[in-house]
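Colleague: Structure supplied as final-v6.txt; contents: compact mmCIF, C-alpha atoms.
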# COMPACT_ATOMS: atom_id res chain seq x y z
CA MET A 1 14.62 -19.93 -21.02
CA LEU A 2 17.93 -18.86 -22.54
CA ASP A 3 18.78 -15.72 -24.47
CA LYS A 4 21.13 -15.75 -27.45
CA ASN A 5 24.20 -15.56 -25.23
CA GLY A 6 22.87 -18.45 -23.17
CA ILE A 7 22.52 -20.60 -26.30
CA ALA A 8 26.07 -19.67 -27.30
CA LYS A 9 27.32 -20.49 -23.79
CA ARG A 10 25.75 -23.96 -23.90
CA ILE A 11 27.14 -24.67 -27.37
CA ALA A 12 30.62 -23.58 -26.25
CA LYS A 13 30.67 -26.72 -24.08
CA GLU A 14 30.63 -28.80 -27.27
CA VAL A 15 33.91 -27.24 -28.40
CA LYS A 16 36.75 -29.58 -27.48
CA ASP A 17 40.50 -29.22 -27.20
CA GLY A 18 42.21 -29.39 -30.61
CA TYR A 19 39.11 -28.54 -32.62
CA TYR A 20 39.02 -26.46 -35.79
CA VAL A 21 35.61 -24.77 -35.69
CA ASN A 22 33.55 -22.90 -38.28
CA LEU A 23 31.08 -20.44 -36.82
CA GLY A 24 28.15 -19.14 -38.85
CA ILE A 25 26.67 -15.66 -38.68
CA GLY A 26 24.41 -14.65 -35.74
CA ILE A 27 24.24 -16.69 -32.52
CA PRO A 28 27.12 -18.99 -33.64
CA THR A 29 29.51 -16.02 -33.74
CA LEU A 30 28.85 -15.47 -30.02
CA VAL A 31 30.11 -18.98 -29.19
CA ALA A 32 33.73 -17.80 -29.45
CA ASN A 33 33.15 -15.58 -26.38
CA PHE A 34 32.38 -18.56 -24.16
CA VAL A 35 34.95 -21.18 -25.13
CA ARG A 36 37.12 -22.25 -22.17
CA ASN A 37 40.48 -20.56 -22.29
CA ASP A 38 42.38 -23.63 -21.11
CA ILE A 39 41.81 -25.48 -24.40
CA SER A 40 43.33 -24.91 -27.85
CA VAL A 41 40.81 -24.12 -30.57
CA GLU A 42 41.14 -22.41 -33.95
CA PHE A 43 38.22 -20.66 -35.58
CA GLN A 44 37.91 -20.85 -39.35
CA SER A 45 36.09 -18.24 -41.36
CA GLU A 46 35.25 -19.49 -44.83
CA ASN A 47 36.28 -16.26 -46.56
CA GLY A 48 39.83 -17.35 -45.88
CA VAL A 49 41.27 -17.27 -42.37
CA LEU A 50 42.13 -19.81 -39.68
CA GLY A 51 43.01 -18.58 -36.22
CA MET A 52 40.53 -15.74 -36.03
CA GLY A 53 40.81 -13.49 -32.99
CA PRO A 54 38.51 -10.90 -31.38
CA PHE A 55 37.37 -7.64 -32.96
CA PRO A 56 40.20 -5.12 -33.36
CA ILE A 57 40.80 -2.27 -30.94
CA ASP A 58 39.06 0.90 -32.13
CA GLY A 59 41.29 2.56 -34.71
CA GLU A 60 43.23 -0.60 -35.60
CA GLU A 61 40.65 -2.12 -37.95
CA ASP A 62 41.92 -3.28 -41.34
CA ALA A 63 39.70 -3.38 -44.44
CA ASP A 64 41.73 -6.38 -45.65
CA LEU A 65 40.92 -8.44 -42.56
CA ILE A 66 37.29 -9.49 -42.14
CA ASN A 67 35.25 -12.57 -41.22
CA ALA A 68 32.47 -14.25 -43.20
CA GLY A 69 29.98 -11.77 -41.72
CA LYS A 70 32.12 -8.97 -43.25
CA GLN A 71 33.03 -7.77 -39.75
CA THR A 72 36.53 -6.48 -39.05
CA ILE A 73 38.55 -9.00 -37.02
CA THR A 74 42.07 -9.78 -35.80
CA THR A 75 44.20 -12.91 -35.98
CA LEU A 76 45.84 -14.91 -33.19
CA PRO A 77 49.32 -16.49 -33.15
CA GLY A 78 49.30 -19.46 -35.55
CA ALA A 79 46.77 -17.89 -37.90
CA SER A 80 46.87 -18.32 -41.67
CA PHE A 81 45.19 -16.88 -44.75
CA PHE A 82 44.13 -18.81 -47.84
CA ASP A 83 41.96 -18.54 -50.93
CA SER A 84 38.31 -19.57 -51.23
CA ALA A 85 39.00 -22.87 -53.00
CA LEU A 86 41.41 -23.98 -50.28
CA SER A 87 38.98 -22.77 -47.63
CA PHE A 88 36.27 -25.05 -48.95
CA SER A 89 38.79 -27.88 -49.36
CA MET A 90 39.10 -27.68 -45.57
CA ILE A 91 35.33 -27.84 -45.27
CA ARG A 92 34.48 -30.41 -47.97
CA GLY A 93 37.54 -32.48 -47.09
CA LYS A 94 36.24 -32.81 -43.49
CA HIS A 95 39.26 -31.12 -41.91
CA VAL A 96 37.01 -28.81 -39.90
CA ASP A 97 35.90 -30.63 -36.74
CA LEU A 98 32.78 -28.70 -35.81
CA THR A 99 30.34 -26.48 -37.70
CA ILE A 100 27.89 -24.27 -35.83
CA LEU A 101 25.24 -22.46 -37.82
CA GLY A 102 21.84 -20.84 -37.56
CA ALA A 103 18.61 -22.06 -39.16
CA MET A 104 15.10 -20.94 -40.02
CA GLU A 105 13.77 -24.52 -39.89
CA VAL A 106 15.06 -27.98 -39.03
CA SER A 107 13.08 -31.17 -39.67
CA GLU A 108 13.00 -34.35 -37.60
CA ASN A 109 15.06 -36.16 -40.25
CA GLY A 110 17.85 -33.59 -40.01
CA ASP A 111 17.05 -31.41 -43.04
CA ILE A 112 17.86 -27.73 -42.63
CA ALA A 113 16.53 -24.57 -44.29
CA ASN A 114 18.27 -21.23 -43.77
CA TRP A 115 18.83 -19.34 -47.02
CA LYS A 116 15.60 -18.30 -48.67
CA ILE A 117 11.97 -17.36 -48.02
CA PRO A 118 10.27 -17.53 -51.43
CA GLY A 119 8.81 -14.18 -52.48
CA LYS A 120 10.14 -12.45 -49.38
CA MET A 121 13.81 -12.83 -48.75
CA VAL A 122 16.61 -14.18 -50.90
CA LYS A 123 20.03 -13.42 -49.56
CA GLY A 124 21.70 -16.54 -50.85
CA MET A 125 23.24 -19.59 -49.23
CA GLY A 126 26.81 -18.32 -48.99
CA GLY A 127 28.87 -21.22 -47.70
CA ALA A 128 26.04 -22.91 -45.80
CA MET A 129 25.29 -25.57 -48.43
CA ASP A 130 28.94 -26.59 -48.66
CA LEU A 131 29.20 -26.70 -44.87
CA VAL A 132 26.11 -28.81 -44.22
CA ALA A 133 26.80 -31.19 -47.12
CA SER A 134 30.23 -32.11 -45.80
CA ALA A 135 30.58 -31.54 -42.09
CA GLU A 136 30.03 -34.59 -39.90
CA ASN A 137 29.57 -32.63 -36.72
CA ILE A 138 26.94 -29.92 -37.20
CA ILE A 139 25.22 -28.05 -34.39
CA VAL A 140 22.33 -25.75 -35.14
CA ALA A 141 21.95 -22.70 -32.91
CA MET A 142 18.53 -21.09 -33.07
CA MET A 143 15.44 -19.96 -31.20
CA HIS A 144 12.94 -22.81 -30.75
CA THR A 145 10.11 -20.82 -32.36
CA ASN A 146 9.92 -17.99 -34.90
CA LYS A 147 8.70 -14.46 -34.28
CA ALA A 148 5.11 -15.59 -34.89
CA GLY A 149 5.54 -18.21 -32.16
CA GLU A 150 5.55 -21.13 -34.61
CA SER A 151 7.83 -24.11 -34.09
CA LYS A 152 11.07 -24.18 -36.06
CA LEU A 153 11.52 -27.90 -35.29
CA LEU A 154 9.23 -29.48 -37.86
CA LYS A 155 8.15 -32.81 -39.30
CA ARG A 156 9.19 -31.51 -42.72
CA CYS A 157 10.79 -28.19 -43.63
CA THR A 158 8.48 -25.85 -45.56
CA LEU A 159 11.22 -23.51 -46.83
CA PRO A 160 13.73 -24.35 -49.59
CA LEU A 161 16.35 -26.70 -48.15
CA THR A 162 19.99 -25.94 -47.52
CA GLY A 163 20.89 -29.58 -46.96
CA VAL A 164 19.28 -32.96 -46.36
CA GLY A 165 19.67 -35.27 -43.36
CA CYS A 166 22.69 -33.42 -42.03
CA VAL A 167 21.83 -31.85 -38.66
CA LYS A 168 22.94 -33.91 -35.66
CA LYS A 169 22.38 -31.59 -32.72
CA ILE A 170 20.26 -28.53 -32.01
CA VAL A 171 20.61 -26.04 -29.17
CA THR A 172 17.70 -23.64 -28.73
CA ASN A 173 16.53 -21.20 -26.08
CA LEU A 174 14.49 -24.09 -24.62
CA ALA A 175 16.45 -27.29 -25.11
CA VAL A 176 19.32 -29.41 -26.39
CA LEU A 177 18.14 -32.03 -28.85
CA GLU A 178 19.77 -34.77 -30.86
CA VAL A 179 18.45 -35.77 -34.29
CA ILE A 180 18.05 -39.56 -34.40
CA PRO A 181 16.20 -41.69 -36.99
CA GLU A 182 12.98 -41.58 -34.90
CA GLY A 183 12.93 -37.79 -34.46
CA PHE A 184 14.18 -35.10 -32.06
CA LYS A 185 15.55 -36.75 -28.92
CA LEU A 186 15.34 -34.38 -25.96
CA LEU A 187 18.67 -34.33 -24.11
CA GLU A 188 18.51 -31.28 -21.85
CA ARG A 189 16.09 -28.56 -20.77
CA ALA A 190 16.99 -24.90 -20.45
CA PRO A 191 16.86 -23.67 -16.83
CA GLY A 192 13.26 -23.39 -15.66
CA VAL A 193 11.75 -24.82 -18.85
CA SER A 194 9.44 -27.84 -18.53
CA VAL A 195 9.31 -30.85 -20.84
CA GLU A 196 5.73 -29.86 -21.57
CA ALA A 197 6.76 -26.39 -22.74
CA ILE A 198 9.35 -27.94 -25.06
CA GLN A 199 6.76 -30.41 -26.33
CA ASN A 200 4.34 -27.55 -27.06
CA ALA A 201 6.99 -25.66 -29.02
CA THR A 202 8.05 -28.67 -31.09
CA GLU A 203 5.98 -29.65 -34.13
CA GLY A 204 8.16 -32.60 -35.12
CA GLU A 205 8.34 -35.89 -33.24
CA LEU A 206 9.84 -35.23 -29.78
CA LEU A 207 11.29 -38.24 -28.00
CA VAL A 208 11.41 -38.00 -24.21
CA GLU A 209 13.03 -40.84 -22.32
CA GLY A 210 13.18 -40.77 -18.53
CA ASP A 211 14.13 -37.69 -16.55
CA ILE A 212 15.46 -34.85 -18.69
CA PRO A 213 18.20 -32.91 -16.88
CA GLU A 214 18.53 -29.14 -16.87
CA MET A 215 21.46 -27.72 -18.83
CA ASP A 216 24.60 -27.24 -16.78
CA LEU A 217 25.83 -23.80 -17.79
CA MET B 1 60.78 -12.15 -68.19
CA ILE B 2 57.53 -11.78 -70.07
CA HIS B 3 56.25 -8.28 -69.60
CA LYS B 4 52.61 -8.00 -68.42
CA GLY B 5 52.53 -4.44 -67.14
CA VAL B 6 50.12 -1.94 -68.65
CA LYS B 7 49.72 1.76 -67.95
CA ASP B 8 46.29 1.96 -66.37
CA ALA B 9 42.81 0.49 -66.09
CA GLN B 10 41.86 1.88 -69.50
CA GLU B 11 44.63 -0.05 -71.23
CA ALA B 12 44.05 -3.13 -69.07
CA LEU B 13 40.41 -3.37 -70.06
CA LEU B 14 40.94 -3.06 -73.82
CA GLY B 15 38.63 -5.49 -75.59
CA VAL B 16 35.78 -5.65 -73.08
CA LYS B 17 32.41 -5.61 -74.88
CA ASP B 18 28.66 -5.73 -74.34
CA GLY B 19 27.36 -9.21 -73.51
CA MET B 20 30.63 -10.57 -72.12
CA THR B 21 31.03 -12.76 -69.03
CA PHE B 22 33.36 -11.49 -66.31
CA MET B 23 34.78 -12.99 -63.13
CA LEU B 24 35.41 -10.48 -60.37
CA GLY B 25 37.36 -11.28 -57.22
CA GLY B 26 36.44 -10.14 -53.73
CA PHE B 27 34.38 -11.17 -50.72
CA GLY B 28 31.90 -8.50 -49.74
CA LEU B 29 33.84 -5.31 -50.41
CA CYS B 30 37.13 -6.91 -49.34
CA GLY B 31 39.66 -7.42 -52.12
CA ILE B 32 37.44 -6.22 -54.98
CA PRO B 33 38.99 -4.88 -58.20
CA GLU B 34 37.90 -1.29 -57.53
CA ASN B 35 39.71 0.26 -60.48
CA ALA B 36 38.47 -2.27 -63.04
CA ILE B 37 34.91 -1.74 -61.79
CA SER B 38 35.26 2.06 -62.14
CA GLU B 39 36.51 1.59 -65.69
CA LEU B 40 33.58 -0.72 -66.54
CA VAL B 41 31.22 1.97 -65.25
CA ARG B 42 33.01 4.59 -67.35
CA LEU B 43 32.89 2.43 -70.49
CA GLY B 44 29.17 1.89 -69.98
CA ILE B 45 29.12 -1.56 -71.55
CA SER B 46 26.04 -3.59 -70.72
CA ASN B 47 24.31 -6.98 -70.88
CA LEU B 48 27.09 -8.34 -68.72
CA THR B 49 27.18 -11.61 -66.85
CA CYS B 50 29.20 -11.24 -63.65
CA ILE B 51 30.56 -14.12 -61.62
CA SER B 52 31.33 -12.71 -58.19
CA ASN B 53 30.67 -14.06 -54.71
CA ASN B 54 28.73 -10.92 -53.76
CA ALA B 55 27.17 -8.02 -55.63
CA GLY B 56 28.62 -5.09 -53.70
CA VAL B 57 26.48 -2.57 -51.84
CA ASP B 58 24.16 0.04 -53.34
CA ASP B 59 26.85 2.64 -53.98
CA PHE B 60 30.08 0.67 -54.12
CA GLY B 61 31.62 -2.36 -55.78
CA LEU B 62 29.39 -4.13 -58.29
CA GLY B 63 26.49 -2.05 -56.96
CA LEU B 64 27.84 0.72 -59.20
CA LEU B 65 27.28 -1.45 -62.31
CA LEU B 66 23.84 -2.50 -61.06
CA GLN B 67 22.80 1.13 -60.60
CA LYS B 68 23.52 1.73 -64.27
CA HIS B 69 21.75 -1.47 -65.36
CA GLN B 70 24.92 -2.79 -66.97
CA ILE B 71 24.48 -6.29 -65.54
CA LYS B 72 22.10 -8.79 -67.11
CA LYS B 73 22.98 -11.74 -64.93
CA MET B 74 24.73 -12.23 -61.59
CA ILE B 75 26.25 -15.51 -60.48
CA SER B 76 26.87 -15.23 -56.73
CA SER B 77 26.55 -17.08 -53.44
CA TYR B 78 25.29 -14.24 -51.24
CA VAL B 79 23.59 -11.04 -52.31
CA GLY B 80 22.25 -9.50 -49.10
CA GLU B 81 22.90 -5.90 -48.09
CA ASN B 82 22.04 -4.44 -51.50
CA ASP B 83 18.56 -2.92 -51.95
CA GLU B 84 18.92 -2.10 -55.63
CA PHE B 85 20.05 -5.65 -56.32
CA GLU B 86 17.03 -7.04 -54.47
CA ARG B 87 14.68 -4.70 -56.33
CA GLN B 88 16.07 -5.67 -59.75
CA MET B 89 15.99 -9.36 -58.87
CA LEU B 90 12.39 -9.34 -57.57
CA SER B 91 11.18 -7.29 -60.56
CA GLY B 92 12.84 -9.72 -62.97
CA GLU B 93 15.17 -7.10 -64.52
CA LEU B 94 18.17 -9.01 -63.24
CA GLU B 95 18.78 -12.72 -63.68
CA VAL B 96 20.40 -14.31 -60.63
CA GLU B 97 22.06 -17.69 -60.33
CA LEU B 98 22.75 -18.44 -56.68
CA THR B 99 25.56 -20.93 -56.22
CA PRO B 100 27.05 -22.33 -53.01
CA GLN B 101 30.20 -20.44 -52.12
CA GLY B 102 32.54 -23.44 -52.24
CA THR B 103 31.04 -24.56 -55.54
CA LEU B 104 31.52 -21.08 -56.99
CA ALA B 105 35.18 -21.13 -55.96
CA GLU B 106 35.70 -24.61 -57.36
CA LYS B 107 33.97 -23.81 -60.69
CA CYS B 108 36.52 -21.00 -61.06
CA ARG B 109 39.39 -23.22 -60.00
CA ALA B 110 38.25 -25.97 -62.39
CA ALA B 111 38.41 -23.47 -65.26
CA GLN B 112 41.87 -22.42 -64.11
CA ALA B 113 43.05 -26.01 -63.77
CA GLY B 114 41.60 -27.44 -66.98
CA PHE B 115 38.83 -29.57 -65.48
CA PRO B 116 35.55 -29.40 -67.43
CA ALA B 117 33.45 -30.14 -64.36
CA ILE B 118 33.59 -31.29 -60.76
CA TYR B 119 31.39 -33.32 -58.42
CA THR B 120 30.43 -31.65 -55.16
CA PRO B 121 28.17 -32.76 -52.31
CA ALA B 122 27.01 -29.16 -51.79
CA GLY B 123 23.40 -28.54 -52.73
CA TYR B 124 22.41 -32.18 -53.19
CA GLY B 125 18.70 -32.57 -52.42
CA THR B 126 18.10 -28.80 -52.74
CA GLU B 127 16.83 -26.60 -55.56
CA VAL B 128 20.46 -25.85 -56.51
CA ALA B 129 20.75 -29.42 -57.81
CA GLU B 130 17.49 -29.36 -59.81
CA GLY B 131 18.06 -30.50 -63.40
CA LYS B 132 21.68 -31.37 -62.72
CA GLU B 133 23.37 -34.72 -63.08
CA THR B 134 23.96 -36.47 -59.75
CA ARG B 135 26.07 -39.47 -58.94
CA GLU B 136 26.83 -41.68 -55.98
CA PHE B 137 30.42 -42.19 -54.81
CA ASN B 138 31.06 -44.42 -51.79
CA GLY B 139 27.46 -44.20 -50.63
CA LYS B 140 27.20 -40.39 -50.78
CA MET B 141 25.45 -38.29 -53.42
CA TYR B 142 27.20 -35.59 -55.44
CA VAL B 143 26.12 -32.96 -57.97
CA LEU B 144 27.93 -32.37 -61.27
CA GLU B 145 28.93 -28.71 -61.66
CA TYR B 146 30.58 -27.36 -64.80
CA ALA B 147 33.65 -25.13 -64.92
CA TYR B 148 32.84 -21.49 -65.67
CA GLU B 149 33.65 -19.98 -69.03
CA ALA B 150 34.48 -16.30 -68.86
CA ASP B 151 35.96 -13.67 -71.16
CA PHE B 152 37.80 -11.64 -68.53
CA ALA B 153 38.76 -12.18 -64.91
CA PHE B 154 39.34 -9.00 -62.88
CA VAL B 155 41.33 -9.63 -59.74
CA LYS B 156 42.89 -7.47 -57.06
CA ALA B 157 46.16 -8.24 -55.29
CA TRP B 158 48.27 -6.34 -52.77
CA LYS B 159 51.58 -6.38 -54.63
CA GLY B 160 52.57 -7.52 -58.06
CA ASP B 161 55.49 -7.30 -60.44
CA GLU B 162 55.86 -6.57 -64.15
CA ALA B 163 55.94 -10.35 -64.81
CA GLY B 164 52.39 -10.64 -63.44
CA ASN B 165 53.34 -12.39 -60.18
CA LEU B 166 50.92 -11.63 -57.36
CA ILE B 167 50.92 -11.43 -53.57
CA PHE B 168 47.65 -11.00 -51.67
CA LYS B 169 47.04 -9.55 -48.24
CA GLY B 170 44.85 -10.88 -45.42
CA THR B 171 41.36 -11.99 -46.31
CA ALA B 172 41.45 -9.78 -49.41
CA ARG B 173 42.83 -12.93 -51.05
CA ASN B 174 39.47 -14.81 -51.11
CA PHE B 175 38.31 -15.59 -54.68
CA ASN B 176 41.08 -13.65 -56.43
CA PRO B 177 43.63 -16.48 -56.76
CA CYS B 178 40.94 -18.94 -57.96
CA MET B 179 39.96 -16.61 -60.79
CA CYS B 180 43.50 -16.03 -62.11
CA GLY B 181 43.82 -17.89 -65.39
CA ALA B 182 40.18 -19.01 -65.21
CA ALA B 183 39.06 -16.64 -67.97
CA LYS B 184 40.42 -15.97 -71.48
CA ILE B 185 42.17 -12.84 -70.20
CA THR B 186 43.08 -12.17 -66.57
CA VAL B 187 43.56 -8.56 -65.56
CA ALA B 188 45.22 -8.03 -62.19
CA GLU B 189 45.24 -4.70 -60.39
CA VAL B 190 47.57 -4.14 -57.48
CA GLU B 191 48.22 -1.50 -54.85
CA GLU B 192 51.92 -1.61 -55.61
CA LEU B 193 53.48 -2.67 -58.91
CA VAL B 194 57.23 -3.31 -58.79
CA PRO B 195 59.82 -4.28 -61.42
CA ALA B 196 60.42 -8.02 -61.87
CA GLY B 197 63.02 -9.29 -59.44
CA GLN B 198 61.87 -7.26 -56.47
CA LEU B 199 59.43 -9.85 -55.12
CA ASP B 200 60.88 -12.97 -53.52
CA PRO B 201 59.84 -15.97 -55.66
CA ASN B 202 59.21 -17.87 -52.42
CA GLU B 203 56.51 -15.41 -51.45
CA ILE B 204 54.52 -15.40 -54.71
CA HIS B 205 50.91 -16.61 -54.27
CA ILE B 206 49.99 -16.62 -57.97
CA PRO B 207 52.62 -16.98 -60.71
CA GLY B 208 52.47 -14.54 -63.62
CA ILE B 209 51.61 -17.32 -66.09
CA PHE B 210 47.98 -16.96 -64.94
CA VAL B 211 47.92 -13.19 -65.54
CA GLN B 212 47.85 -11.44 -68.94
CA ARG B 213 47.75 -7.79 -67.85
CA ILE B 214 48.73 -6.06 -64.64
CA PHE B 215 48.45 -2.45 -63.53
CA GLN B 216 48.75 -0.37 -60.41
CA GLY B 217 45.36 0.94 -59.30
CA LYS B 218 45.10 4.72 -59.15
CA HIS B 219 43.23 4.76 -55.85
CA TYR B 220 41.80 2.30 -53.33
CA GLU B 221 38.93 3.31 -51.10
CA LYS B 222 38.82 -0.12 -49.37
CA ARG B 223 35.47 0.51 -47.80
CA ILE B 224 34.62 -1.49 -44.66
CA GLU B 225 31.15 -3.06 -44.66
CA GLN B 226 30.83 -3.92 -40.94
CA ARG B 227 33.18 -1.97 -38.72
CA THR B 228 33.33 -4.00 -35.49
CA VAL B 229 35.78 -2.88 -32.81
CA ARG B 230 36.63 -3.17 -29.12
CA PRO B 231 37.05 -0.01 -27.07
CA ARG B 232 40.63 1.04 -26.41
CA ASN B 233 41.33 1.01 -22.66
Can the structure in the file be given as structure tokens, please?

Modeller:
Amino acid sequence: MLDKNGIAKRIAKEVKDGYYVNLGIGIPTLVANFVRNDISVEFQSENGVLGMGPFPIDGEEDADLINAGKQTITTLPGASFFDSALSFSMIRGKHVDLTILGAMEVSENGDIANWKIPGKMVKGMGGAMDLVASAENIIVAMMHTNKAGESKLLKRCTLPLTGVGCVKKIVTNLAVLEVIPEGFKLLERAPGVSVEAIQNATEGELLVEGDIPEMDL
Amino acid sequence: MIHKGVKDAQEALLGVKDGMTFMLGGFGLCGIPENAISELVRLGISNLTCISNNAGVDDFGLGLLLQKHQIKKMISSYVGENDEFERQMLSGELEVELTPQGTLAEKCRAAQAGFPAIYTPAGYGTEVAEGKETREFNGKMYVLEYAYEADFAFVKAWKGDEAGNLIFKGTARNFNPCMCGAAKITVAEVEELVPAGQLDPNEIHIPGIFVQRIFQGKHYEKRIEQRTVRPRN
């Protein structure tokens, strides 16, 4: 079973040379730490920066330079700043190659819910609805089950949706799955995790064809 | 040169009234019009509708207006990190219209650019699209979203000149440029106000035509919400 860094490490393998990538808050943010350093990638933060770098050195933080999680950041050579409308032109206009975001629930038809728990928590959708409605290459990074041990990979989402039929790939602490018309297709198992364990943690339709390899991390 | 400079926040906010709709720039606490917000608190006007991506934190930014119950309705994309906001929203004291971030930006930009409405794919199939007109273009569904109508836009820039030209810094740019000229009156506050002619026209992000009043803010706290650093070694 993987921890959050393990999930991020596996997702980093999906980041290819020449990609512009938008990373959501939480596990997705960790992906930047594991991207191969022999490829060229630029990270976009939807509040208005391309070419995001690591956190600043203590004492050099700048209140005017933050990411979408409101964390202080730095920029790398080639970086640029822009306003919110232009930022979402990049996203809606499909100029961003890969979007990685977290989720509370994903359904077997690719719906995603990640912005609201009625009566409990309403933080808002931020840029998530714009991202999932437009991006063609979306990877969800999340734990396979919630804190109560219930599956987050469902037949139908129970929480208010963020987007419909948009998720293509999911990387969890247990598995890598692809969303296809018939359901969740199991692609890879986390080290030491059996197909049966993944089956037990998946409420939606899980499709298992042949031998399922372990993730190569 | 058309002169846009005013003395201070007090003069810049002349004409604001109870019940008005305001746009306020900023993302989190980054690039917020701190001096305009302080003046709104001082004036004590209420029943306000505020269009702003976030709602500040409990004791800073728009949180200051929330504390004093001056806001009737918030239009935002993300409102976490603010307990008083959450309390007022759950108790029904505060009306909240949550809008996808890109849609919020584009509804401002549409107002600035003279478009009555725009079609966006964001929110289709979700509760955000409930009751809204939808339409198919090239096999994909879109939601009709109307341009905002606001009385004042309060924006913050890094530098500006007496002609109202603005230059932003870093990610403090965010929603500020989209809101310039998107309301009946745009009030820009800057850290440094210079005479016309001192800013290179090539470097201007927002031309003064979109700004009616500009002033140099008295003080900027520029609070950091999440200080994340690497050790120095």

Colleague: With distances taken over all atoms listed in the file, which of B:Ile75, B:Leu94, B:Leu144, B:Val16 is nearest to Pro121 in chain B?

Modeller: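 Closest to Pro121 in chain B, using all atoms listed in the file: B:Leu144.
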
Colleague: Determine, using all atoms listed in the file, which residues of chain A have any atom at most 6 Å from an atom of chain B, and tabulate each with its shortest atom pair and distance in Å to one decimal place, rows ordered by chain and then rising number, as JSON lines.

Modeller:
{"residue": "A:Asn47", "atom": "CA", "partner": "B:Asn174", "partner_atom": "CA", "distance": 5.7}
{"residue": "A:Gly48", "atom": "CA", "partner": "B:Thr171", "partner_atom": "CA", "distance": 5.6}
{"residue": "A:Phe55", "atom": "CA", "partner": "B:Val229", "partner_atom": "CA", "distance": 5.0}
{"residue": "A:Pro56", "atom": "CA", "partner": "B:Val229", "partner_atom": "CA", "distance": 5.0}
{"residue": "A:Ile57", "atom": "CA", "partner": "B:Arg230", "partner_atom": "CA", "distance": 4.6}
{"residue": "A:Asp58", "atom": "CA", "partner": "B:Val229", "partner_atom": "CA", "distance": 5.1}
{"residue": "A:Ala63", "atom": "CA", "partner": "B:Ile224", "partner_atom": "CA", "distance": 5.4}
{"residue": "A:Asp64", "atom": "CA", "partner": "B:Ala172", "partner_atom": "CA", "distance": 5.1}
{"residue": "A:Leu65", "atom": "CA", "partner": "B:Thr171", "partner_atom": "CA", "distance": 5.2}
{"residue": "A:Lys70", "atom": "CA", "partner": "B:Gln226", "partner_atom": "CA", "distance": 5.7}
{"residue": "A:Gln71", "atom": "CA", "partner": "B:Gln226", "partner_atom": "CA", "distance": 4.6}
{"residue": "A:Thr72", "atom": "CA", "partner": "B:Thr228", "partner_atom": "CA", "distance": 5.4}
{"residue": "A:Asp83", "atom": "CA", "partner": "B:Asn174", "partner_atom": "CA", "distance": 4.5}
{"residue": "A:Ser84", "atom": "CA", "partner": "B:Asn174", "partner_atom": "CA", "distance": 4.9}
{"residue": "A:Ala85", "atom": "CA", "partner": "B:Ala105", "partner_atom": "CA", "distance": 5.1}
{"residue": "A:Phe88", "atom": "CA", "partner": "B:Gly102", "partner_atom": "CA", "distance": 5.2}
{"residue": "A:Lys123", "atom": "CA", "partner": "B:Gly80", "partner_atom": "CA", "distance": 4.5}
{"residue": "A:Gly124", "atom": "CA", "partner": "B:Tyr78", "partner_atom": "CA", "distance": 4.3}
{"residue": "A:Met125", "atom": "CA", "partner": "B:Ser77", "partner_atom": "CA", "distance": 5.9}
{"residue": "A:Gly126", "atom": "CA", "partner": "B:Ser77", "partner_atom": "CA", "distance": 4.6}
{"residue": "A:Gly127", "atom": "CA", "partner": "B:Gln101", "partner_atom": "CA", "distance": 4.7}
{"residue": "A:Met129", "atom": "CA", "partner": "B:Ala122", "partner_atom": "CA", "distance": 5.2}
{"residue": "A:Asp130", "atom": "CA", "partner": "B:Ala122", "partner_atom": "CA", "distance": 4.5}
{"residue": "A:Ala133", "atom": "CA", "partner": "B:Ala122", "partner_atom": "CA", "distance": 5.1}
{"residue": "A:Leu161", "atom": "CA", "partner": "B:Thr126", "partner_atom": "CA", "distance": 5.3}

Colleague: Which polymer residues have any atom within 7 Å of an atom of Leu50 in chain A, counting only C-alpha atoms, with same-chain residues fewer than 4 positions away left out, as an MDAnalysis selection string?

Modeller: chainID A and resid 42:45 79:81

Colleague: Rank B:Glu145, B:Asp58, B:Glu130, B:Asp151 by their smallest atom-to-atom distance to Gly19 in chain B, using all atoms listed in the file, and report the top residue only.

Modeller: B:Asp151

Colleague: Could you list as JSON, numbers by chain every residue that has an atom within 8 Å of (14.9, -18.5, -38.3), using the file's coordinates and counting all atoms listed in the file?

Modeller: {"A": [102, 103, 104, 105, 114, 142, 143, 145, 146, 152]}

Colleague: Could you make a table, as a tab-separated table, of the residues of range 69-159 of chain A that have an atom within 12 Å of an atom of range 186-205 of chain A, each with its nearest atom pair and distance in Å to one decimal, counting only C-alpha atoms, in chain and number order?

Modeller:
residue	atom	partner	partner_atom	distance
A:Glu105	CA	A:Gly204	CA	10.9
A:Val106	CA	A:Gly204	CA	9.2
A:Ser107	CA	A:Gly204	CA	6.9
A:Glu108	CA	A:Gly204	CA	5.7
A:Asn109	CA	A:Gly204	CA	9.3
A:Gly110	CA	A:Gly204	CA	10.9
A:Asp111	CA	A:Gly204	CA	12.0
A:Met143	CA	A:Ala201	CA	10.4
A:His144	CA	A:Ala201	CA	6.8
A:Thr145	CA	A:Ala201	CA	6.7
A:Asn146	CA	A:Ala201	CA	10.1
A:Ala148	CA	A:Ala201	CA	11.8
A:Gly149	CA	A:Ala201	CA	8.2
A:Glu150	CA	A:Ala201	CA	7.3
A:Ser151	CA	A:Ala201	CA	5.4
A:Lys152	CA	A:Thr202	CA	7.3
A:Leu153	CA	A:Thr202	CA	5.5
A:Leu154	CA	A:Gly204	CA	4.3
A:Lys155	CA	A:Gly204	CA	4.2
A:Arg156	CA	A:Gly204	CA	7.7
A:Cys157	CA	A:Gly204	CA	9.9
